[in-house]
There are 2 protein chains.
Amino acid sequence: MSLVIVGTFNLDTIETPRERRERIVGGSGTYCCLAASFFTTPRIVGVVGEDFPKDTLELFNTRGIDTEGLLVKPGKTFFWEGRYEDDPNKRTTVATEVNILKGFRPQLPEHYRDADILFLANIDPDLQEDILAQVKSPRLVAMDTMNYWIQTRSESLLNVLEKVNVFFANDEEVRMLTGELNLITAGKRLLEKGPKLVVIKKGEHGVLLLSKDFVFAMPAYPSETVVDPTGAGDSFGGGFLGHLDRAYSYTEGGIRRAAVYGSVMASFTIEEFGIDRLRSLSSDEIESRFAEFQKLVSF
Amino acid sequence: MSLVIVGTFNLDTIETPRERRERIVGGSGTYCCLAASFFTTPRIVGVVGEDFPKDTLELFNTRGIDTEGLLVKPGKTFFWEGRYEDDPNKRTTVATEVNILKGFRPQLPEHYRDADILFLANIDPDLQEDILAQVKSPRLVAMDTMNYWIQTRSESLLNVLEKVNVFFANDEEVRMLTGELNLITAGKRLLEKGPKLVVIKKGEHGVLLLSKDFVFAMPAYPSETVVDPTGAGDSFGGGFLGHLDRAYSYTEGGIRRAAVYGSVMASFTIEEFGIDRLRSLSSDEIESRFAEFQKLVSF
């Protein structure tokens, strides 16, 4: 088993109605690899500047994450600033500084190329394509994206979409990409474009999985404490693919359980700012929340 | 077992982005009693004018619904006109004509007064209060409402809320009534006001049940054919309470299954205009969709 994750490793400034945090560690790759590390030993690909906190790199190593593909280069780490309204589903990007990510062309370390699972987390679709060409014969390729790439680079994005098995997106992105309001219909349209599985993340409304063979739906964990929604989707992807990599077989049952593990990881991430909750998390807490999901929907 | 339902029996004009239907049968009592009739033999309370279609009254009788409490009086039936946007969750009231409902003070027929379950479906909260005073010792009292009563008569509504065991409301109404965006927190606030169970209907996002002892969540049936969302919530209530009346005991397990039966009935209602789908429905179809819900969330 081996899971390779390509994504961004950021410094984020986050403002919620209650609090503001400056330049905390974030990014799709960060959330995703930390979430996955509770299930498997992910290998990460990306680039950070010298201002990226050393203790986070140490955390990655402590958690068994292979950081050979994470370059540390002179310059400033990719920066994102976002603001949340009272409704935590509503997010505004205040600022983005590409910094070190400009012109970045990731190269997979040799021992990454035999990855079983490749996750192209949210990053420039051209970089996703680049990486895809570098793996030998992955058993499963998944991708995520964001509204920015749909609006500005939909052609590149659709090129990648053709070549992946699993497509992660949130409800807004799915509607934007297909022009279809009904999520079931929208998901089916996306299935026609290549992927065998479409995973629609709906935030507080849970998750919806569509394949040709089955539909799976799961409500979100009933959280009262939504401190910082940043990284929920990426943590979902990490938990989902981490579980699949650990299970090593990608059956319907395994995929359903993966979606629950994804939901578990997302539900923890939003309880504190940035990666704080993932830092303190234990495998026992994960299994216990998995059981809570079972109880939540049992009838 | 006996379930008494108080609600409105309307003529509705419905406009969706695709089609317009004039003066079709609707109303909270209508949807609710038809949905419940697949589980028990409901007794209904309400008033209609002479323009209310005879074949609907015959349908009620055919389906075993006790119509002794449904008065037919000279005059025009309560009329409602609504328009749906492309997003079926967005509804605008175009017109309301109170007509025969004006000054209506429902009297329960003598044999209704020993009801086990009393459902105060969406209607003027003062009428709900009136009816509540007329039943002897119901084992369970449930109520529904709508944004109109929250905006114009919140005090009356809160008076009724104190006295009921189960409160049905949609997400928008729950937020409006509590001023709280987080549905779990909002639901808990409502639990403090009297009811033992709060049932939050979230349309395409499913349903959320909160009590002091448990939380239950169920996604909606993955429908592509949403022809007319009118009556989904009332059908939910009918299926929910119809099942509880049939089961006769109100255990946690029974309540969870009731919420699934409610979701099943709502999912059928929206497949055609007005009550058309409920007219043609069979118990086999209901059980088969119940099983589909089991599959939908199994992991």
# chains A, B, ... in the order shown; residues from 1 in each chain; ligands from 1
>>> interface_residues(of="chain A", to="chain B", cutoff="7 Å", atoms="only C-alpha atoms", output="PDB file with N, CA, C and O atoms, in the first residue's frame")
ATOM      1  N   ASP A  87     -22.780  32.113   8.700  1.00  0.00           N
ATOM      2  CA  ASP A  87     -23.032  30.819   8.093  1.00  0.00           C
ATOM      3  C   ASP A  87     -21.691  30.250   7.640  1.00  0.00           C
ATOM      4  O   ASP A  87     -21.082  30.740   6.694  1.00  0.00           O
ATOM      5  N   LEU A 181     -28.633  22.100 -11.237  1.00  0.00           N
ATOM      6  CA  LEU A 181     -28.915  22.332  -9.808  1.00  0.00           C
ATOM      7  C   LEU A 181     -29.103  21.039  -9.031  1.00  0.00           C
ATOM      8  O   LEU A 181     -28.657  20.914  -7.899  1.00  0.00           O
ATOM      9  N   ASN A 182     -29.789  20.075  -9.630  1.00  0.00           N
ATOM     10  CA  ASN A 182     -30.036  18.809  -8.932  1.00  0.00           C
ATOM     11  C   ASN A 182     -28.731  18.026  -8.829  1.00  0.00           C
ATOM     12  O   ASN A 182     -28.105  17.685  -9.840  1.00  0.00           O
ATOM     13  N   ILE A 184     -27.983  14.990  -7.940  1.00  0.00           N
ATOM     14  CA  ILE A 184     -27.945  13.626  -8.467  1.00  0.00           C
ATOM     15  C   ILE A 184     -27.701  13.683  -9.978  1.00  0.00           C
ATOM     16  O   ILE A 184     -26.831  12.993 -10.517  1.00  0.00           O
ATOM     17  N   THR A 185     -28.468  14.544 -10.636  1.00  0.00           N
ATOM     18  CA  THR A 185     -28.299  14.711 -12.082  1.00  0.00           C
ATOM     19  C   THR A 185     -26.902  15.235 -12.388  1.00  0.00           C
ATOM     20  O   THR A 185     -26.222  14.739 -13.303  1.00  0.00           O
ATOM     21  N   HIS A 205     -24.325  19.477   5.399  1.00  0.00           N
ATOM     22  CA  HIS A 205     -25.362  18.548   4.949  1.00  0.00           C
ATOM     23  C   HIS A 205     -24.814  17.171   4.607  1.00  0.00           C
ATOM     24  O   HIS A 205     -25.531  16.336   4.073  1.00  0.00           O
ATOM     25  N   VAL A 215     -25.512   4.437  -4.952  1.00  0.00           N
ATOM     26  CA  VAL A 215     -25.538   5.779  -4.371  1.00  0.00           C
ATOM     27  C   VAL A 215     -25.382   5.599  -2.869  1.00  0.00           C
ATOM     28  O   VAL A 215     -26.005   4.712  -2.282  1.00  0.00           O
ATOM     29  N   PHE A 216     -24.542   6.406  -2.271  1.00  0.00           N
ATOM     30  CA  PHE A 216     -24.357   6.360  -0.817  1.00  0.00           C
ATOM     31  C   PHE A 216     -24.487   7.783  -0.290  1.00  0.00           C
ATOM     32  O   PHE A 216     -23.935   8.711  -0.886  1.00  0.00           O
ATOM     33  N   ALA A 217     -25.219   7.958   0.779  1.00  0.00           N
ATOM     34  CA  ALA A 217     -25.363   9.291   1.357  1.00  0.00           C
ATOM     35  C   ALA A 217     -25.153   9.216   2.856  1.00  0.00           C
ATOM     36  O   ALA A 217     -25.545   8.238   3.491  1.00  0.00           O
ATOM     37  N   MET A 218     -24.532  10.221   3.401  1.00  0.00           N
ATOM     38  CA  MET A 218     -24.255  10.245   4.832  1.00  0.00           C
ATOM     39  C   MET A 218     -24.445  11.684   5.323  1.00  0.00           C
ATOM     40  O   MET A 218     -23.902  12.599   4.729  1.00  0.00           O
ATOM     41  N   PRO A 219     -25.246  11.871   6.374  1.00  0.00           N
ATOM     42  CA  PRO A 219     -25.332  13.225   6.945  1.00  0.00           C
ATOM     43  C   PRO A 219     -24.012  13.596   7.603  1.00  0.00           C
ATOM     44  O   PRO A 219     -23.183  12.728   7.881  1.00  0.00           O
ATOM     45  N   PRO A 222     -23.255  15.801  13.696  1.00  0.00           N
ATOM     46  CA  PRO A 222     -24.003  16.950  14.238  1.00  0.00           C
ATOM     47  C   PRO A 222     -23.152  17.828  15.161  1.00  0.00           C
ATOM     48  O   PRO A 222     -23.223  17.715  16.370  1.00  0.00           O
ATOM     49  N   GLU A 224     -21.838  21.170  17.000  1.00  0.00           N
ATOM     50  CA  GLU A 224     -22.204  22.519  17.440  1.00  0.00           C
ATOM     51  C   GLU A 224     -20.995  23.444  17.408  1.00  0.00           C
ATOM     52  O   GLU A 224     -21.128  24.646  17.305  1.00  0.00           O
ATOM     53  N   GLY A 253     -18.269  -1.712  -0.299  1.00  0.00           N
ATOM     54  CA  GLY A 253     -18.315  -1.582   1.166  1.00  0.00           C
ATOM     55  C   GLY A 253     -17.160  -0.743   1.692  1.00  0.00           C
ATOM     56  O   GLY A 253     -17.340   0.101   2.566  1.00  0.00           O
ATOM     57  N   ARG A 256     -17.820   2.905   0.912  1.00  0.00           N
ATOM     58  CA  ARG A 256     -18.809   3.474   1.847  1.00  0.00           C
ATOM     59  C   ARG A 256     -18.147   3.789   3.193  1.00  0.00           C
ATOM     60  O   ARG A 256     -18.332   4.880   3.750  1.00  0.00           O
ATOM     61  N   ARG A 257     -17.353   2.842   3.694  1.00  0.00           N
ATOM     62  CA  ARG A 257     -16.685   3.091   4.974  1.00  0.00           C
ATOM     63  C   ARG A 257     -15.667   4.229   4.848  1.00  0.00           C
ATOM     64  O   ARG A 257     -15.510   5.047   5.750  1.00  0.00           O
ATOM     65  N   LEU A 296     -25.791   7.316  14.505  1.00  0.00           N
ATOM     66  CA  LEU A 296     -26.517   8.480  13.979  1.00  0.00           C
ATOM     67  C   LEU A 296     -27.549   8.101  12.920  1.00  0.00           C
ATOM     68  O   LEU A 296     -28.642   8.655  12.878  1.00  0.00           O
ATOM     69  N   VAL A 297     -27.184   7.150  12.041  1.00  0.00           N
ATOM     70  CA  VAL A 297     -28.079   6.811  10.916  1.00  0.00           C
ATOM     71  C   VAL A 297     -28.764   5.464  11.093  1.00  0.00           C
ATOM     72  O   VAL A 297     -29.439   4.992  10.177  1.00  0.00           O
ATOM     73  N   PHE A 299     -31.413   2.646  11.975  1.00  0.00           N
ATOM     74  CA  PHE A 299     -32.863   2.582  12.196  1.00  0.00           C
ATOM     75  C   PHE A 299     -33.352   1.165  11.955  1.00  0.00           C
ATOM     76  O   PHE A 299     -32.614   0.363  11.432  1.00  0.00           O
TER      77      PHE A 299
END
>>> select_by_dssp(residues="region 62-197 of chain A", states="strand (DSSP E)", output="PyMOL selection string")
chain A and resi 66-73+79-84+91-97+117-120+140-143+166-170+197
>>> write_last_selection(atoms="C-alpha atoms", output="JSON list (two decimals), in the first residue's frame")
[["chain", "number", "residue", "atom", "x", "y", "z"],
["A", 66, "ASP", "CA", 7.15, 10.74, 3.82],
["A", 67, "THR", "CA", 8.28, 14.31, 3.08],
["A", 68, "GLU", "CA", 10.92, 13.56, 0.45],
["A", 69, "GLY", "CA", 8.68, 15.11, -2.21],
["A", 70, "LEU", "CA", 8.06, 18.29, -0.23],
["A", 71, "LEU", "CA", 10.61, 20.85, -1.36],
["A", 72, "VAL", "CA", 11.73, 23.61, 0.98],
["A", 73, "LYS", "CA", 12.98, 26.49, -1.15],
["A", 79, "PHE", "CA", -0.45, 32.43, 1.34],
["A", 80, "TRP", "CA", -4.25, 32.49, 1.50],
["A", 81, "GLU", "CA", -6.54, 34.71, 3.49],
["A", 82, "GLY", "CA", -10.21, 33.89, 3.93],
["A", 83, "ARG", "CA", -13.17, 35.15, 5.88],
["A", 84, "TYR", "CA", -16.20, 33.20, 7.05],
["A", 91, "ARG", "CA", -16.47, 31.84, 2.65],
["A", 92, "THR", "CA", -14.80, 34.78, 0.93],
["A", 93, "THR", "CA", -11.22, 34.79, -0.31],
["A", 94, "VAL", "CA", -9.68, 38.04, 0.87],
["A", 95, "ALA", "CA", -6.17, 37.58, -0.55],
["A", 96, "THR", "CA", -3.99, 35.02, -2.30],
["A", 97, "GLU", "CA", -0.21, 35.26, -2.70],
["A", 117, "ILE", "CA", -3.26, 5.60, -4.90],
["A", 118, "LEU", "CA", -2.49, 9.04, -6.25],
["A", 119, "PHE", "CA", -4.42, 11.98, -4.85],
["A", 120, "LEU", "CA", -4.31, 15.17, -6.82],
["A", 140, "LEU", "CA", -6.63, 4.49, -8.15],
["A", 141, "VAL", "CA", -6.31, 8.17, -9.04],
["A", 142, "ALA", "CA", -8.42, 10.76, -7.25],
["A", 143, "MET", "CA", -8.66, 14.50, -7.70],
["A", 166, "VAL", "CA", -12.54, 9.43, -8.19],
["A", 167, "PHE", "CA", -13.62, 13.06, -8.33],
["A", 168, "PHE", "CA", -14.09, 15.01, -5.09],
["A", 169, "ALA", "CA", -15.98, 18.30, -5.23],
["A", 170, "ASN", "CA", -18.32, 20.31, -3.08],
["A", 197, "LEU", "CA", -17.01, 7.65, -8.55]]
>>> residues_around(residues="region 266-276 of chain B", least_positions_apart="2", cutoff="6 Å", atoms="only C-alpha atoms", output="PyMOL selection string")
chain B and resi 225-229+232+235-236+263-264+278-279
>>> write_last_selection(atoms="all heavy atoms", output="mmCIF file, in the first residue's frame")
data_model
loop_
_atom_site.group_PDB
_atom_site.id
_atom_site.type_symbol
_atom_site.label_atom_id
_atom_site.label_comp_id
_atom_site.auth_asym_id
_atom_site.auth_seq_id
_atom_site.Cartn_x
_atom_site.Cartn_y
_atom_site.Cartn_z
ATOM 1 N N THR B 225 -36.283 13.471 -9.977
ATOM 2 C CA THR B 225 -37.564 14.014 -10.435
ATOM 3 C C THR B 225 -38.275 14.751 -9.323
ATOM 4 O O THR B 225 -39.023 14.158 -8.559
ATOM 5 C CB THR B 225 -38.511 12.864 -10.862
ATOM 6 O OG1 THR B 225 -37.933 11.613 -10.453
ATOM 7 C CG2 THR B 225 -38.809 12.907 -12.326
ATOM 8 N N VAL B 226 -37.979 16.039 -9.220
ATOM 9 C CA VAL B 226 -38.720 16.867 -8.275
ATOM 10 C C VAL B 226 -39.710 17.684 -9.100
ATOM 11 O O VAL B 226 -39.378 18.729 -9.637
ATOM 12 C CB VAL B 226 -37.784 17.778 -7.461
ATOM 13 C CG1 VAL B 226 -38.571 18.571 -6.422
ATOM 14 C CG2 VAL B 226 -36.705 16.958 -6.766
ATOM 15 N N VAL B 227 -40.932 17.173 -9.236
ATOM 16 C CA VAL B 227 -41.933 17.837 -10.073
ATOM 17 C C VAL B 227 -42.600 18.966 -9.297
ATOM 18 O O VAL B 227 -42.744 20.076 -9.796
ATOM 19 C CB VAL B 227 -42.984 16.819 -10.576
ATOM 20 C CG1 VAL B 227 -44.144 17.542 -11.259
ATOM 21 C CG2 VAL B 227 -42.328 15.830 -11.530
ATOM 22 N N ASP B 228 -42.984 18.693 -8.058
ATOM 23 C CA ASP B 228 -43.705 19.681 -7.249
ATOM 24 C C ASP B 228 -43.410 19.402 -5.774
ATOM 25 O O ASP B 228 -43.917 18.436 -5.215
ATOM 26 C CB ASP B 228 -45.207 19.571 -7.549
ATOM 27 C CG ASP B 228 -46.059 20.418 -6.602
ATOM 28 O OD1 ASP B 228 -45.503 21.290 -5.899
ATOM 29 O OD2 ASP B 228 -47.291 20.211 -6.569
ATOM 30 N N PRO B 229 -42.602 20.267 -5.156
ATOM 31 C CA PRO B 229 -42.206 20.025 -3.758
ATOM 32 C C PRO B 229 -43.339 20.252 -2.742
ATOM 33 O O PRO B 229 -43.165 19.932 -1.572
ATOM 34 C CB PRO B 229 -41.097 21.058 -3.512
ATOM 35 C CG PRO B 229 -40.754 21.625 -4.854
ATOM 36 C CD PRO B 229 -41.965 21.471 -5.703
ATOM 37 N N ALA B 232 -44.416 18.107 0.707
ATOM 38 C CA ALA B 232 -43.383 17.151 1.135
ATOM 39 C C ALA B 232 -43.327 17.076 2.663
ATOM 40 O O ALA B 232 -43.337 15.988 3.246
ATOM 41 C CB ALA B 232 -42.025 17.550 0.565
ATOM 42 N N SER B 235 -46.453 15.441 4.106
ATOM 43 C CA SER B 235 -46.426 13.993 3.861
ATOM 44 C C SER B 235 -45.439 13.324 4.812
ATOM 45 O O SER B 235 -45.669 12.206 5.281
ATOM 46 C CB SER B 235 -45.997 13.698 2.421
ATOM 47 O OG SER B 235 -46.843 14.365 1.519
ATOM 48 N N PHE B 236 -44.338 14.030 5.075
ATOM 49 C CA PHE B 236 -43.375 13.525 6.052
ATOM 50 C C PHE B 236 -44.079 13.305 7.388
ATOM 51 O O PHE B 236 -43.985 12.242 8.000
ATOM 52 C CB PHE B 236 -42.204 14.506 6.224
ATOM 53 C CG PHE B 236 -41.205 14.045 7.243
ATOM 54 C CD1 PHE B 236 -40.084 13.323 6.853
ATOM 55 C CD2 PHE B 236 -41.396 14.293 8.596
ATOM 56 C CE1 PHE B 236 -39.177 12.867 7.796
ATOM 57 C CE2 PHE B 236 -40.496 13.837 9.550
ATOM 58 C CZ PHE B 236 -39.383 13.119 9.145
ATOM 59 N N SER B 263 -39.705 10.231 5.473
ATOM 60 C CA SER B 263 -38.866 10.594 4.318
ATOM 61 C C SER B 263 -39.336 9.868 3.059
ATOM 62 O O SER B 263 -39.329 10.430 1.957
ATOM 63 C CB SER B 263 -37.409 10.221 4.595
ATOM 64 O OG SER B 263 -36.972 10.797 5.805
ATOM 65 N N VAL B 264 -39.743 8.619 3.229
ATOM 66 C CA VAL B 264 -40.259 7.836 2.099
ATOM 67 C C VAL B 264 -41.491 8.536 1.514
ATOM 68 O O VAL B 264 -41.585 8.767 0.295
ATOM 69 C CB VAL B 264 -40.627 6.401 2.556
ATOM 70 C CG1 VAL B 264 -41.506 5.702 1.518
ATOM 71 C CG2 VAL B 264 -39.369 5.580 2.837
ATOM 72 N N LEU B 278 -49.572 10.259 -4.447
ATOM 73 C CA LEU B 278 -50.148 9.557 -3.297
ATOM 74 C C LEU B 278 -51.396 8.771 -3.721
ATOM 75 O O LEU B 278 -51.704 7.725 -3.156
ATOM 76 C CB LEU B 278 -50.494 10.544 -2.177
ATOM 77 C CG LEU B 278 -49.307 11.254 -1.509
ATOM 78 C CD1 LEU B 278 -49.782 12.235 -0.454
ATOM 79 C CD2 LEU B 278 -48.332 10.248 -0.891
ATOM 80 N N ARG B 279 -52.103 9.268 -4.734
ATOM 81 C CA ARG B 279 -53.262 8.552 -5.263
ATOM 82 C C ARG B 279 -52.884 7.173 -5.783
ATOM 83 O O ARG B 279 -53.606 6.203 -5.616
ATOM 84 C CB ARG B 279 -53.844 9.308 -6.478
ATOM 85 C CG ARG B 279 -54.875 10.338 -6.176
ATOM 86 C CD ARG B 279 -55.329 10.951 -7.525
ATOM 87 N NE ARG B 279 -55.769 12.325 -7.351
ATOM 88 C CZ ARG B 279 -56.993 12.689 -6.971
ATOM 89 N NH1 ARG B 279 -57.906 11.763 -6.762
ATOM 90 N NH2 ARG B 279 -57.314 13.950 -6.817
#
>>> residues_around(residues="region 149-164 of chain B", least_positions_apart="6", cutoff="8 Å", atoms="only C-alpha atoms", output="number ranges by chain")
B: 124-126, 128-129, 140-143, 173, 176-177, 193-195
>>> residues_around(residues="Asn99 (chain A)", least_positions_apart="2", cutoff="8 Å", atoms="only C-alpha atoms", output="list of chain:residue names")
A:Gly75, A:Lys76, A:Thr77, A:Phe78, A:Phe79, A:Glu97, A:Leu101, A:Lys102
